[in-house]
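K.L.:
Quick one: structure below, then a few questions.
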Amino acid sequence: MSAQLLYDPEQFKKVYETAFHSGRKEAVQYLKILEASKNILTEPQKARVNYLRLTIINSDTLQMKELEKKMFSAPDTLGYTKGLMYSARKYLEKSMPDKAVPLLMLALDTLEEGSDDADFCMIELCEAYREKREHKAGIEMLVDILSGTNPISDQNRAYAYNRLAALYNEWGNPDGIYSDSVFKYSNLCLSLSEKTGSISNLAFSQNELSVQFSRKGKFADALMMSQMAVANFIQEGLKFSAMNALFNQCRIYMDLLDYYHAELAIKRALGLCEIEENRNLYMRFYAVYAEIMSLTGKFHDAYDFLKISSLLQNYFFEDRMNIQIHAQAAKFSLMLNEHKLAEEKEISEYRQKKFVFLLIILAILILVFMISFFYFRLRRKQVMKQKLIEAVINTEENERKRIARDLHDGLGPVLSAINLYIQAYIDAKEPEKETIQKKLQQVVLGAIDDVSRIAQNISPYILEKQGIRAALINFIVPLNNSSHIKVNFTCTVNERFEKNKELTIYRSINELISNTLKHAGASKIILHVFLRGNILVVDFSDDGKGFQTDLTNTKGMGLYNIKTRMDTFGGKMILNSSSGTGTHVELEMPL
């Protein structure tokens, strides 16, 4: 088909409609013919061809995925976080904030708070708020970023100033006039951009100022700023930002009623990218193109542009609806997960409470056990203490009885004899007095010996002055000389130690020997006293008849008294005896 035939509007319409009703392969062929003839097509016809191109691309799922990958996927060299920020920026350039926000949130999770990249991500979130027309939230967030305590780089500060100006520019004046805010933050951005050499931020501020100048009727200033913004955007390769600036420039020309230059601005903008790269911008340009055609009396062309804009708007709302459906599905899924998590949390809390309850019960039982244990232990100590007191009382009472017995049986008769001899001496005649005097002297010497013996038993003088070894020798030697029992005694202890402990050992040995002499019927006693480390050991044994060892039997208080004495000083008594085997006792006294 000759391209010249497309000059005929009817022929163009036929080819265009045939392409729409053909299979995809044939439609692609017709599209090639139409695109090859673009230089002879009218602007409304070019708009239809663009829409046909978009329809064919959207009909191929694979091609759509490849296109989306090309437009939004980040290069592998950027890494995970930078890649998320790159893709989010691409979505924001195409007015798709709902796609950008999740990516920015993921990036923020991986960035260190207060870093340049984190600050940039926060500003990009504010840009998403602007595109979602949530101006107040975006403004509040940017004010927090700029007034925060954390330092922010000049590059990010300039970008934040510019986005704040854009938010005020689009929000209008719900509670007052914000044009001063636009000028303020745009000029702050201009100053910082010139200082840092940031052409992109410079272009953004120029674009915002152009809009504000236009609103104030300063169209010359507005056009100048707009033209500089477009030139800077193109220099930086920001073609979508350049298209937005050209859109604002078109509006300025329309305010000046200069529809020719307004149309030129649109044509220039549409030449910067293909329709599939940013169909939302094409939708806006076709809408304003329809307005220009209507104002210039070209109502048929205005209808064509408005129709294509409406069709593109369907795509726009379809995208938004799909995003919202996915968002609602995600919310529903999240709600189910939260409900499931809540149930699991309740179960976990119930188990935890049950576990805590069991722990409390266990703790109470342990506490009751410990209280009972210490109570019975204390009771046992009290019983032992009571028995010790009783033993001490009994020992003292026995000592008193023994002393009384010694005084009565030993010293008493002697004193009576002395009294008789004195009376006889008084009554005797001179020749007999010398004989009585000699007898009296012998009896007095015996009394002195008895007093010395009794005093020695009460508090051994040798023990106090010379120690345990000398006291035991002094006690045992007379015993070997006067008794029918043989005592084999060895002592390797020459050291002195605590007086009460020496006396306790002495009394205990005295008690053991006394018990053997009275009850055992033994012929031999073996007694060894020695040190084992820091412990004084008394090893006592006899070859007597022995007995059943029962220290709780109060009839024989001697051994029990020995045990209580040893317990008092942290020592111990080990007793081994049975009928017919003799008796073996070991005393251990820690020094």
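Order determines the names: the first chain of the structure tokens is A, the second B, and so forth; residues in each chain are numbered 1 upward, and ligands are numbered 1 upward as they are shown.
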For stretch 153-169 of chain A, find every residue with an atom within 8 Å (counting only C-alpha atoms), except residues of its own chain fewer than 4 positions away, and show them as number ranges by chain.

P.N.:
A: 116, 119-120, 123, 126-127, 130, 135, 138-139, 142, 146, 178-179, 181-186, 188-190, 192-193, 196, 198, 201, 204-205, 208, 211-212

K.L.:
With a distance cut-off of 8 Å and only C-alpha atoms, select the neighbouring residues of A:Ser523, excluding the residue or stretch itself and same-chain residues fewer than 6 positions from it, and output the selection as number ranges by chain.

P.N.:
A: 484-486, 542-544

K.L.:
Skipping near chain neighbours, those fewer than 4 positions away, what residues fall within 9 Å of A:Ala222 using only C-alpha atoms, listed as a ChimeraX atom specification?

P.N.:
/A:206-207,209-215,217-218,226-227,249,252

K.L.:
Next, the residues of the selection above should be written as a short mmCIF file (atom, residue, chain, number, x, y, z; two decimals), in the first residue's frame with N, CA, C and O atoms.

P.N.:
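Writing the result to result-v6.cif gives the following:
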data_model
loop_
_atom_site.label_atom_id
_atom_site.label_comp_id
_atom_site.auth_asym_id
_atom_site.auth_seq_id
_atom_site.Cartn_x
_atom_site.Cartn_y
_atom_site.Cartn_z
N GLN A 206 13.81 25.64 38.92
CA GLN A 206 13.39 26.54 37.84
C GLN A 206 11.99 26.20 37.36
O GLN A 206 11.18 27.09 37.08
N ASN A 207 11.69 24.91 37.30
CA ASN A 207 10.37 24.48 36.84
C ASN A 207 9.28 24.92 37.83
O ASN A 207 8.22 25.43 37.41
N LEU A 209 9.44 27.40 39.96
CA LEU A 209 9.33 28.87 39.91
C LEU A 209 8.55 29.32 38.68
O LEU A 209 7.79 30.30 38.73
N SER A 210 8.72 28.61 37.56
CA SER A 210 7.99 28.98 36.34
C SER A 210 6.48 28.88 36.56
O SER A 210 5.71 29.73 36.11
N VAL A 211 6.05 27.83 37.29
CA VAL A 211 4.62 27.65 37.57
C VAL A 211 4.12 28.79 38.46
O VAL A 211 3.06 29.37 38.22
N GLN A 212 4.92 29.13 39.47
CA GLN A 212 4.49 30.16 40.40
C GLN A 212 4.48 31.54 39.75
O GLN A 212 3.56 32.34 39.98
N PHE A 213 5.49 31.82 38.88
CA PHE A 213 5.49 33.09 38.15
C PHE A 213 4.27 33.20 37.25
O PHE A 213 3.65 34.25 37.11
N SER A 214 3.91 32.08 36.62
CA SER A 214 2.74 32.07 35.72
C SER A 214 1.47 32.39 36.50
O SER A 214 0.61 33.13 36.03
N ARG A 215 1.35 31.80 37.73
CA ARG A 215 0.15 32.06 38.54
C ARG A 215 0.06 33.53 38.95
O ARG A 215 -1.04 34.05 39.14
N GLY A 217 1.04 35.91 37.05
CA GLY A 217 0.91 36.71 35.84
C GLY A 217 2.22 37.24 35.30
O GLY A 217 2.23 38.05 34.36
N LYS A 218 3.34 36.75 35.85
CA LYS A 218 4.65 37.17 35.36
C LYS A 218 5.11 36.19 34.28
O LYS A 218 5.99 35.35 34.50
N SER A 226 11.02 28.34 32.59
CA SER A 226 10.61 27.09 31.98
C SER A 226 11.60 26.65 30.91
O SER A 226 11.98 25.48 30.83
N GLN A 227 12.02 27.57 30.08
CA GLN A 227 12.98 27.23 29.03
C GLN A 227 14.31 26.77 29.60
O GLN A 227 14.93 25.82 29.09
N GLN A 249 5.16 24.59 30.40
CA GLN A 249 5.42 25.64 29.40
C GLN A 249 4.24 25.81 28.46
O GLN A 249 3.87 26.94 28.10
N ILE A 252 1.68 27.85 30.12
CA ILE A 252 2.03 29.28 30.14
C ILE A 252 1.64 29.94 28.81
O ILE A 252 1.04 31.03 28.77
#

K.L.:
Using only C-alpha atoms, which residue out of A:Glu276, A:Asp567, A:Glu93, A:Glu140 lies closest to A:Lys381?

P.N.:
A:Asp567

K.L.:
For A:Leu517, which of A:Lys65, A:Lys465, A:Lys545, A:Lys136 is the closest residue, counting only C-alpha atoms?

P.N.:
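Checking each candidate against A:Leu517, we get A:Lys545 as the closest.
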
K.L.:
If we count only C-alpha atoms and set the cut-off at 8 Å, which residues sit around stretch 499-503 of chain A, ignoring sequence neighbours fewer than 4 positions away in its own chain? Please answer as a list of chain:residue names.

P.N.:
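In the requested form, the answer reads A:Leu463, A:Glu464, A:Gly467, A:Ile468, A:Arg507, A:Phe569, A:Met589.
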
K.L.:
In Å, how far is it from atom CA of A:Tyr16 to atom CA of A:Arg279?

P.N.:
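Computing the Euclidean distance for atom CA of A:Tyr16 and atom CA of A:Arg279 yields 19.8 Å.
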
K.L.:
Residues near A:Ser309, anyone? I mean within 8 Å using only C-alpha atoms, not counting same-chain ones fewer than 4 positions away, as a CSV table (one decimal) with C-alpha atoms, in the first residue's frame.

P.N.:
chain,number,residue,atom,x,y,z
A,282,TYR,CA,0.8,11.0,26.8
A,283,MET,CA,-2.6,11.0,28.4
A,284,ARG,CA,-2.0,14.4,29.9
A,286,TYR,CA,-3.5,14.5,24.6
A,287,ALA,CA,-6.0,16.0,27.0
A,305,PHE,CA,-7.4,13.8,21.0
A,313,GLN,CA,-7.1,7.2,31.0

K.L.:
For a test of reading the model, state the distance in Å between atom CA of A:Tyr30 and atom CA of A:Val15, rounded to one decimal.

P.N.:
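Those two atoms sit 7.1 Å apart.
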
K.L.:
How would you write, as a ChimeraX atom specification, the set of residues in stretch 109-290 of chain A that DSSP gives as alpha helix (DSSP H)?

P.N.:
/A:109-110,116-131,135-147,154-171,179-196,199-215,219-235,239-255,259-270,279-290

K.L.:
Suppose you want the space between atom CA of A:Pro97 and atom CA of A:Leu272; what is it in Å?

P.N.:
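Answer for the atom CA of A:Pro97 to atom CA of A:Leu272 separation: 22.0 Å.
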
K.L.:
Have a look at A:Arg377, A:His300, A:His528, A:Arg268 and name the one nearest to A:Val230; count only C-alpha atoms.

P.N.:
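Answer, going by the shortest atom-to-atom distance: A:Arg268.
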